[in-house]
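Here's my_file_14.cif, which has mmCIF, C-alpha atoms and all ligand atoms:
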data_start
#
loop_
_atom_site.label_atom_id
_atom_site.label_comp_id
_atom_site.auth_asym_id
_atom_site.auth_seq_id
_atom_site.Cartn_x
_atom_site.Cartn_y
_atom_site.Cartn_z
CA MET A 1 -43.02 -7.87 -25.92
CA ILE A 2 -39.61 -6.73 -27.11
CA LEU A 3 -39.02 -5.00 -30.44
CA ILE A 4 -35.47 -5.35 -31.72
CA THR A 5 -34.22 -3.32 -34.71
CA GLY A 6 -31.15 -4.33 -36.69
CA ALA A 7 -32.12 -7.90 -35.89
CA SER A 8 -31.37 -9.36 -39.32
CA SER A 9 -27.71 -9.47 -38.30
CA GLY A 10 -25.07 -9.10 -35.59
CA LEU A 11 -25.95 -7.86 -32.12
CA GLY A 12 -29.68 -7.49 -32.83
CA ALA A 13 -29.99 -11.07 -34.10
CA ALA A 14 -28.02 -12.39 -31.09
CA LEU A 15 -30.27 -10.47 -28.66
CA ALA A 16 -33.35 -11.86 -30.39
CA ARG A 17 -32.05 -15.41 -29.87
CA HIS A 18 -31.31 -14.74 -26.17
CA TYR A 19 -34.71 -13.23 -25.37
CA ASP A 20 -36.47 -15.89 -27.42
CA GLN A 21 -34.69 -18.64 -25.45
CA ASP A 22 -36.01 -16.96 -22.31
CA GLY A 23 -39.54 -17.42 -23.60
CA GLN A 24 -40.11 -13.72 -24.21
CA ALA A 25 -42.18 -12.53 -27.16
CA VAL A 26 -39.91 -10.84 -29.68
CA VAL A 27 -40.60 -8.85 -32.84
CA ILE A 28 -37.57 -8.49 -35.06
CA THR A 29 -36.96 -5.96 -37.78
CA GLY A 30 -34.33 -5.15 -40.40
CA ARG A 31 -34.32 -4.17 -44.05
CA ASN A 32 -33.17 -7.36 -45.72
CA ARG A 33 -36.16 -9.74 -45.76
CA GLU A 34 -34.12 -12.83 -46.57
CA ARG A 35 -31.67 -12.31 -43.68
CA LEU A 36 -34.54 -11.44 -41.38
CA ARG A 37 -36.34 -14.63 -42.35
CA ARG A 38 -33.21 -16.70 -41.67
CA VAL A 39 -32.97 -15.22 -38.15
CA ALA A 40 -36.71 -15.76 -37.56
CA ASP A 41 -36.39 -19.41 -38.67
CA GLY A 42 -34.09 -19.99 -35.69
CA LEU A 43 -36.59 -18.50 -33.22
CA SER A 44 -39.90 -19.71 -31.79
CA ALA A 45 -42.71 -20.24 -34.24
CA GLY A 46 -44.70 -17.23 -33.00
CA THR A 47 -41.89 -14.72 -33.57
CA GLN A 48 -42.85 -11.88 -35.87
CA ALA A 49 -40.38 -10.54 -38.40
CA LYS A 50 -41.28 -7.23 -40.03
CA ALA A 51 -39.06 -5.62 -42.64
CA ALA A 52 -38.74 -1.85 -42.37
CA GLU A 53 -36.43 0.85 -43.69
CA LEU A 54 -36.04 3.00 -40.57
CA THR A 55 -34.98 6.09 -42.51
CA ASP A 56 -38.51 6.22 -43.95
CA PRO A 57 -41.04 7.71 -41.49
CA VAL A 58 -43.96 5.92 -43.17
CA GLN A 59 -42.30 2.53 -42.75
CA VAL A 60 -41.41 3.34 -39.13
CA GLY A 61 -45.05 4.22 -38.42
CA ASP A 62 -46.32 1.09 -40.17
CA LEU A 63 -43.88 -1.04 -38.18
CA LEU A 64 -45.13 0.29 -34.84
CA ASP A 65 -48.80 0.28 -35.84
CA GLY A 66 -48.46 -3.36 -36.94
CA LEU A 67 -47.20 -4.55 -33.55
CA PRO A 68 -49.51 -6.98 -31.76
CA ARG A 69 -49.40 -4.78 -28.62
CA PRO A 70 -47.33 -1.91 -27.25
CA PRO A 71 -43.76 -3.06 -26.59
CA LYS A 72 -42.34 -3.09 -23.06
CA THR A 73 -38.81 -2.79 -24.44
CA VAL A 74 -37.37 -1.55 -27.72
CA ILE A 75 -33.73 -2.29 -28.47
CA HIS A 76 -32.49 -0.19 -31.37
CA CYS A 77 -29.44 -1.92 -32.83
CA ALA A 78 -29.84 -0.79 -36.44
CA GLY A 79 -26.87 1.16 -37.72
CA SER A 80 -23.94 0.93 -40.08
CA GLY A 81 -20.29 1.90 -40.35
CA TYR A 82 -18.20 3.79 -42.89
CA PHE A 83 -14.54 4.56 -42.36
CA GLY A 84 -11.35 5.93 -43.86
CA PRO A 85 -9.64 9.29 -44.28
CA LEU A 86 -12.21 12.01 -44.91
CA GLU A 87 -10.76 12.93 -48.31
CA SER A 88 -11.49 9.44 -49.61
CA GLN A 89 -15.12 9.28 -48.46
CA THR A 90 -17.96 9.81 -50.93
CA PRO A 91 -20.92 12.14 -50.29
CA ASP A 92 -23.46 9.37 -50.97
CA ALA A 93 -21.85 6.98 -48.50
CA ILE A 94 -21.60 9.73 -45.88
CA ARG A 95 -25.30 10.50 -46.36
CA ALA A 96 -26.19 6.82 -46.00
CA LEU A 97 -24.08 6.58 -42.84
CA LEU A 98 -25.87 9.57 -41.28
CA ASP A 99 -29.26 8.21 -42.35
CA ASN A 100 -28.71 4.69 -41.04
CA ASN A 101 -27.42 5.90 -37.67
CA VAL A 102 -28.89 9.33 -36.99
CA THR A 103 -32.10 9.62 -39.04
CA SER A 104 -33.22 6.09 -38.14
CA THR A 105 -32.81 6.81 -34.42
CA ILE A 106 -34.60 10.15 -34.55
CA LEU A 107 -37.54 8.82 -36.59
CA LEU A 108 -37.91 5.68 -34.48
CA ILE A 109 -37.83 7.58 -31.19
CA GLN A 110 -40.16 10.25 -32.51
CA ALA A 111 -42.70 7.59 -33.53
CA LEU A 112 -42.33 5.82 -30.16
CA VAL A 113 -42.76 9.04 -28.19
CA GLN A 114 -45.82 9.97 -30.25
CA ARG A 115 -47.46 6.64 -29.39
CA TYR A 116 -46.15 5.58 -25.99
CA LYS A 117 -44.95 8.64 -24.08
CA GLU A 118 -47.25 7.88 -21.17
CA GLN A 119 -46.41 4.17 -21.03
CA GLN A 120 -43.67 2.27 -19.26
CA LEU A 121 -41.24 1.63 -22.07
CA LYS A 122 -37.57 0.80 -21.84
CA LEU A 123 -35.97 2.30 -24.93
CA VAL A 124 -32.45 1.02 -25.48
CA VAL A 125 -30.24 2.73 -28.06
CA VAL A 126 -27.05 1.02 -29.18
CA MET A 127 -24.37 3.51 -30.09
CA SER A 128 -20.63 2.81 -29.89
CA THR A 129 -17.48 3.81 -28.05
CA ALA A 130 -17.19 6.07 -31.13
CA ALA A 131 -19.87 8.23 -29.44
CA GLN A 132 -17.51 8.79 -26.51
CA VAL A 133 -14.04 9.26 -27.96
CA ALA A 134 -12.63 10.77 -31.15
CA LYS A 135 -11.00 8.34 -33.57
CA ALA A 136 -8.78 9.11 -36.57
CA GLY A 137 -10.08 7.44 -39.71
CA GLU A 138 -13.56 7.30 -38.17
CA SER A 139 -14.50 10.98 -38.32
CA THR A 140 -17.89 10.63 -40.00
CA TYR A 141 -18.80 7.52 -37.97
CA CYS A 142 -17.89 9.42 -34.77
CA ALA A 143 -19.92 12.40 -36.02
CA ALA A 144 -22.94 10.13 -36.52
CA LYS A 145 -22.66 8.40 -33.17
CA TRP A 146 -21.94 11.63 -31.25
CA ALA A 147 -25.04 13.08 -32.90
CA VAL A 148 -27.11 10.14 -31.67
CA ARG A 149 -25.70 10.61 -28.18
CA GLY A 150 -26.57 14.32 -28.18
CA PHE A 151 -30.07 13.45 -29.33
CA ILE A 152 -30.54 10.75 -26.68
CA GLU A 153 -29.26 12.95 -23.85
CA SER A 154 -31.53 15.80 -24.96
CA MET A 155 -34.53 13.47 -25.21
CA ARG A 156 -33.87 12.28 -21.67
CA LEU A 157 -34.40 15.86 -20.53
CA GLU A 158 -37.47 16.22 -22.73
CA LEU A 159 -38.94 13.00 -21.31
CA LYS A 160 -38.25 13.87 -17.68
CA GLY A 161 -41.20 12.63 -15.66
CA SER A 162 -42.39 10.27 -18.42
CA PRO A 163 -42.41 6.54 -17.63
CA MET A 164 -40.47 6.04 -20.87
CA LYS A 165 -36.79 5.42 -20.03
CA LEU A 166 -33.87 5.90 -22.41
CA ILE A 167 -30.92 3.57 -21.99
CA ALA A 168 -27.65 4.33 -23.79
CA VAL A 169 -25.32 1.52 -24.85
CA TYR A 170 -21.70 2.01 -25.90
CA PRO A 171 -20.18 -1.20 -27.25
CA GLY A 172 -16.60 -1.69 -28.37
CA GLY A 173 -15.63 -3.81 -31.37
CA MET A 174 -17.79 -6.83 -32.17
CA ALA A 175 -17.12 -9.47 -34.80
CA THR A 176 -20.23 -9.01 -36.96
CA GLU A 177 -21.18 -8.31 -40.59
CA PHE A 178 -20.83 -4.62 -39.69
CA TRP A 179 -17.20 -4.62 -40.86
CA GLU A 180 -18.04 -6.20 -44.19
CA THR A 181 -20.77 -3.68 -44.98
CA SER A 182 -18.64 -0.76 -43.74
CA GLY A 183 -16.01 -1.64 -46.32
CA LYS A 184 -13.19 -1.53 -43.77
CA PRO A 185 -10.88 -4.54 -43.79
CA GLN A 186 -10.64 -5.41 -40.12
CA ASP A 187 -9.12 -8.30 -38.22
CA THR A 188 -11.95 -9.06 -35.79
CA SER A 189 -10.35 -12.14 -34.23
CA GLY A 190 -9.86 -10.28 -30.92
CA PHE A 191 -13.33 -8.72 -30.93
CA MET A 192 -16.36 -9.80 -28.90
CA SER A 193 -18.78 -12.06 -30.68
CA ALA A 194 -22.31 -10.74 -31.06
CA ASP A 195 -23.38 -13.49 -28.70
CA GLU A 196 -20.94 -12.35 -25.96
CA ALA A 197 -22.05 -8.74 -26.27
CA ALA A 198 -25.73 -9.77 -26.25
CA THR A 199 -25.21 -11.82 -23.08
CA MET A 200 -23.63 -8.86 -21.25
CA LEU A 201 -26.17 -6.37 -22.54
CA LYS A 202 -29.14 -8.52 -21.57
CA GLN A 203 -27.76 -8.82 -18.02
CA ALA A 204 -27.24 -5.06 -17.76
CA LEU A 205 -30.77 -4.36 -18.98
CA GLN A 206 -32.33 -5.96 -15.94
CA SER A 207 -34.10 -3.40 -13.78
CA SER A 208 -35.72 -3.27 -10.38
CA GLU A 209 -38.93 -1.61 -9.26
CA HIS A 210 -37.23 1.72 -8.61
CA GLY A 211 -34.09 1.62 -10.69
CA TYR A 212 -32.41 0.72 -13.97
CA ILE A 213 -28.95 1.01 -15.49
CA SER A 214 -29.07 4.06 -17.72
CA ASP A 215 -25.67 3.95 -19.45
CA ILE A 216 -23.96 0.73 -20.45
CA GLY A 217 -20.39 0.47 -21.72
CA ILE A 218 -19.37 -2.89 -23.18
CA SER A 219 -15.61 -2.86 -23.59
CA ARG A 220 -13.60 -5.51 -25.32
CA GLY A 221 -10.62 -6.86 -23.53
N1 LIG P 301 -19.69 -4.35 -34.91
C1 LIG P 301 -19.02 -3.49 -34.19
O1 LIG P 301 -17.78 -3.58 -34.03
C2 LIG P 301 -19.74 -2.35 -33.49
C3 LIG P 301 -19.07 -1.69 -32.47
C4 LIG P 301 -19.71 -0.66 -31.78
C5 LIG P 301 -21.00 -0.31 -32.13
N2 LIG P 301 -21.64 -0.97 -33.16
C6 LIG P 301 -23.00 -0.55 -33.44
O2 LIG P 301 -23.85 -1.59 -32.97
C7 LIG P 301 -25.04 -1.64 -33.79
C8 LIG P 301 -25.22 -3.06 -34.30
O3 LIG P 301 -24.09 -3.36 -35.10
P1 LIG P 301 -23.78 -4.82 -35.63
O4 LIG P 301 -22.35 -5.05 -35.41
O5 LIG P 301 -24.78 -5.80 -35.11
O6 LIG P 301 -24.00 -4.56 -37.20
P2 LIG P 301 -24.59 -5.48 -38.36
O7 LIG P 301 -24.34 -6.92 -38.09
O8 LIG P 301 -24.08 -4.88 -39.64
O9 LIG P 301 -26.19 -5.22 -38.26
C9 LIG P 301 -26.71 -3.97 -38.56
C10 LIG P 301 -28.22 -4.10 -38.61
O10 LIG P 301 -28.78 -2.79 -38.80
C11 LIG P 301 -29.76 -2.85 -39.84
N3 LIG P 301 -29.88 -1.56 -40.48
C12 LIG P 301 -28.89 -0.73 -40.91
N4 LIG P 301 -29.40 0.36 -41.47
C13 LIG P 301 -30.75 0.25 -41.37
C14 LIG P 301 -31.83 1.05 -41.80
N5 LIG P 301 -31.63 2.22 -42.45
N6 LIG P 301 -33.10 0.64 -41.55
C15 LIG P 301 -33.32 -0.54 -40.92
N7 LIG P 301 -32.34 -1.36 -40.52
C16 LIG P 301 -31.06 -0.97 -40.76
C17 LIG P 301 -29.24 -3.94 -40.75
O11 LIG P 301 -30.30 -4.38 -41.56
P3 LIG P 301 -30.05 -5.10 -43.01
O12 LIG P 301 -29.54 -6.45 -42.69
O13 LIG P 301 -31.36 -5.19 -43.61
O14 LIG P 301 -29.08 -4.25 -43.74
C18 LIG P 301 -28.75 -4.97 -39.75
O15 LIG P 301 -29.83 -5.73 -39.26
C19 LIG P 301 -24.84 -0.57 -34.86
O16 LIG P 301 -25.48 0.61 -34.46
C20 LIG P 301 -23.34 -0.35 -34.89
O17 LIG P 301 -23.01 0.95 -35.33
C21 LIG P 301 -21.05 -1.98 -33.83
#

Encoded form using structure tokens:
Amino acid sequence: MILITGASSGLGAALARHYDQDGQAVVITGRNRERLRRVADGLSAGTQAKAAELTDPVQVGDLLDGLPRPPKTVIHCAGSGYFGPLESQTPDAIRALLDNNVTSTILLIQALVQRYKEQQLKLVVVMSTAAQVAKAGESTYCAAKWAVRGFIESMRLELKGSPMKLIAVYPGGMATEFWETSGKPQDTSGFMSADEAATMLKQALQSSEHGYISDIGISRG
């Protein structure tokens, strides 16, 4: 079973459709129940959709405890953007940005490690090229994604020897609702569609008995 966060929209929703078409059992989660339901309506009848605010540890715990069985793969796509010169950014929006990207990742991974540390679990965390390079006008978004990267790389060391594997994903620009909710007017006509990115990511997530791809860059071009 595959648990996909951020699946009410964008990359997460596209991945859910791809895995569902493959006949794999998928549980999707997001905050917005209506959008989540619309995605679930396009998937197999047995697909479970569970709303959860991932910045709330109680809801994260309830989400995992409500799963029909331990997941083999978790793909964490939930996140949000916020851009512009630092002097124009508001404290509340900066806090929300850090919560949606950093707190959600830490709480989700903490809850997964607490439950499944000794189990074979592929844990895929979607970051951004903004976790790899500095970008003017994206300082707080870069700060959030670099923080997630630091956390993931540290957790890899902490989980050394555990069958739980952390896979880092660094996508470039995708044409999704992300830009609308980030408040940044952006011409996304040259960006990857969520479906294109999901196709490439799903291919890269294939593993063999003794190996897996640990770091995945998805560049647009
Ligand atoms: N789009 C791009 O150009 C781009 C490029 C590089 C990296 N990324 C990263 O890729 C990931 C997916 O982005 P996307 O383009 O698919 O964005 P998207 O279409 O805006 O989807 C974001 C998803 O995250 C969920 N989410 C956000 N905050 C959450 C929270 N606190 N708790 C639970 N769910 C939450 C949203 O749920 P609701 O619908 O309920 O709000 C939605 O399902 C993000 O981490 C983003 O930073 C995006």

Note to self: Any residue with an atom at most 8 Å from ligand LIG 301 (chain P) counts, using all atoms listed in the file. Which are they? Put them as a PyMOL selection string.
What the structure shows: chain A and resi 5-13+29-33+35-36+51-55+76-81+96+99-101+104+126-130+145+170-182+191+194

Next item on the list: Check the smallest atom-to-atom distance from each of A:Tyr212, A:Met200, A:Leu112, A:Ser207 to His18 (chain A) using all atoms listed in the file, then report the winner.
Entry: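 Among A:Tyr212, A:Met200, A:Leu112, A:Ser207, it is A:Met200 that comes nearest to His18 (chain A).
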
Checklist line | Which of A:Ala25, A:Ala143, A:Leu201, A:Ile216 sits closest to Leu86 (chain A) [using only C-alpha atoms] | finding: A:Ala143

Check: Closest to Leu67 (chain A) among A:Arg95, A:Glu118, A:Thr103, A:Ile4, using only C-alpha atoms?
Finding: A:Ile4

Check: Can you list, as a list in words, every protein, DNA or RNA residue that comes within 10 Å of Lys165 (chain A) when you count all atoms listed in the file, leaving out same-chain residues fewer than 2 positions away?
Finding: Thr73, Lys117, Gln119, Gln120, Leu121, Lys122, Leu123, Val124, Met155, Arg156, Leu159, Lys160, Gly161, Ser162, Pro163, Ile167, Ala168, Tyr212 and Ser214 of chain A

Next item on the list: May I ask for the distance between CA of Leu43 (chain A) and CA of Ser189 (chain A), given in Å to one decimal place?
Entry: 27.0 Å

Notebook entry, point to check: Hey, can you check how far CA of Gln89 (chain A) sits from CA of Gln132 (chain A)?
Noted result: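 A separation of 22.1 Å between them.
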
Next item on the list: Go ahead and compute the interatomic distance for CA of Ile94 (chain A) and CA of Leu107 (chain A), in Å to one decimal.
Entry: 18.5 Å

Item checked: Among listed residues A:Asp56, A:Thr199, A:Lys50, A:Arg220, nearest Glu34 (chain A) (using all atoms listed in the file) -> A:Lys50

Next item on the list: May I have the protein, DNA and RNA residues with any atom at most 7 Å from the point (-23.6, 9.1, -32.2), counting only C-alpha atoms, written as a VMD selection string?
Entry: chain A and resid 127 131 142 to 149

Mind writing the picked residues with C-alpha atoms as a compact mmCIF listing (two decimals), keeping the file's coordinate frame?
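Once written, result.txt looks like this:
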# COMPACT_ATOMS: atom_id res chain seq x y z
CA MET A 127 -24.37 3.51 -30.09
CA ALA A 131 -19.87 8.23 -29.44
CA CYS A 142 -17.89 9.42 -34.77
CA ALA A 143 -19.92 12.40 -36.02
CA ALA A 144 -22.94 10.13 -36.52
CA LYS A 145 -22.66 8.40 -33.17
CA TRP A 146 -21.94 11.63 -31.25
CA ALA A 147 -25.04 13.08 -32.90
CA VAL A 148 -27.11 10.14 -31.67
CA ARG A 149 -25.70 10.61 -28.18

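Distance check against Leu205 (chain A) using all atoms listed in the file: of A:Ala136, A:Val113, A:Leu97, A:Leu166, the minimum falls on A:Leu166.
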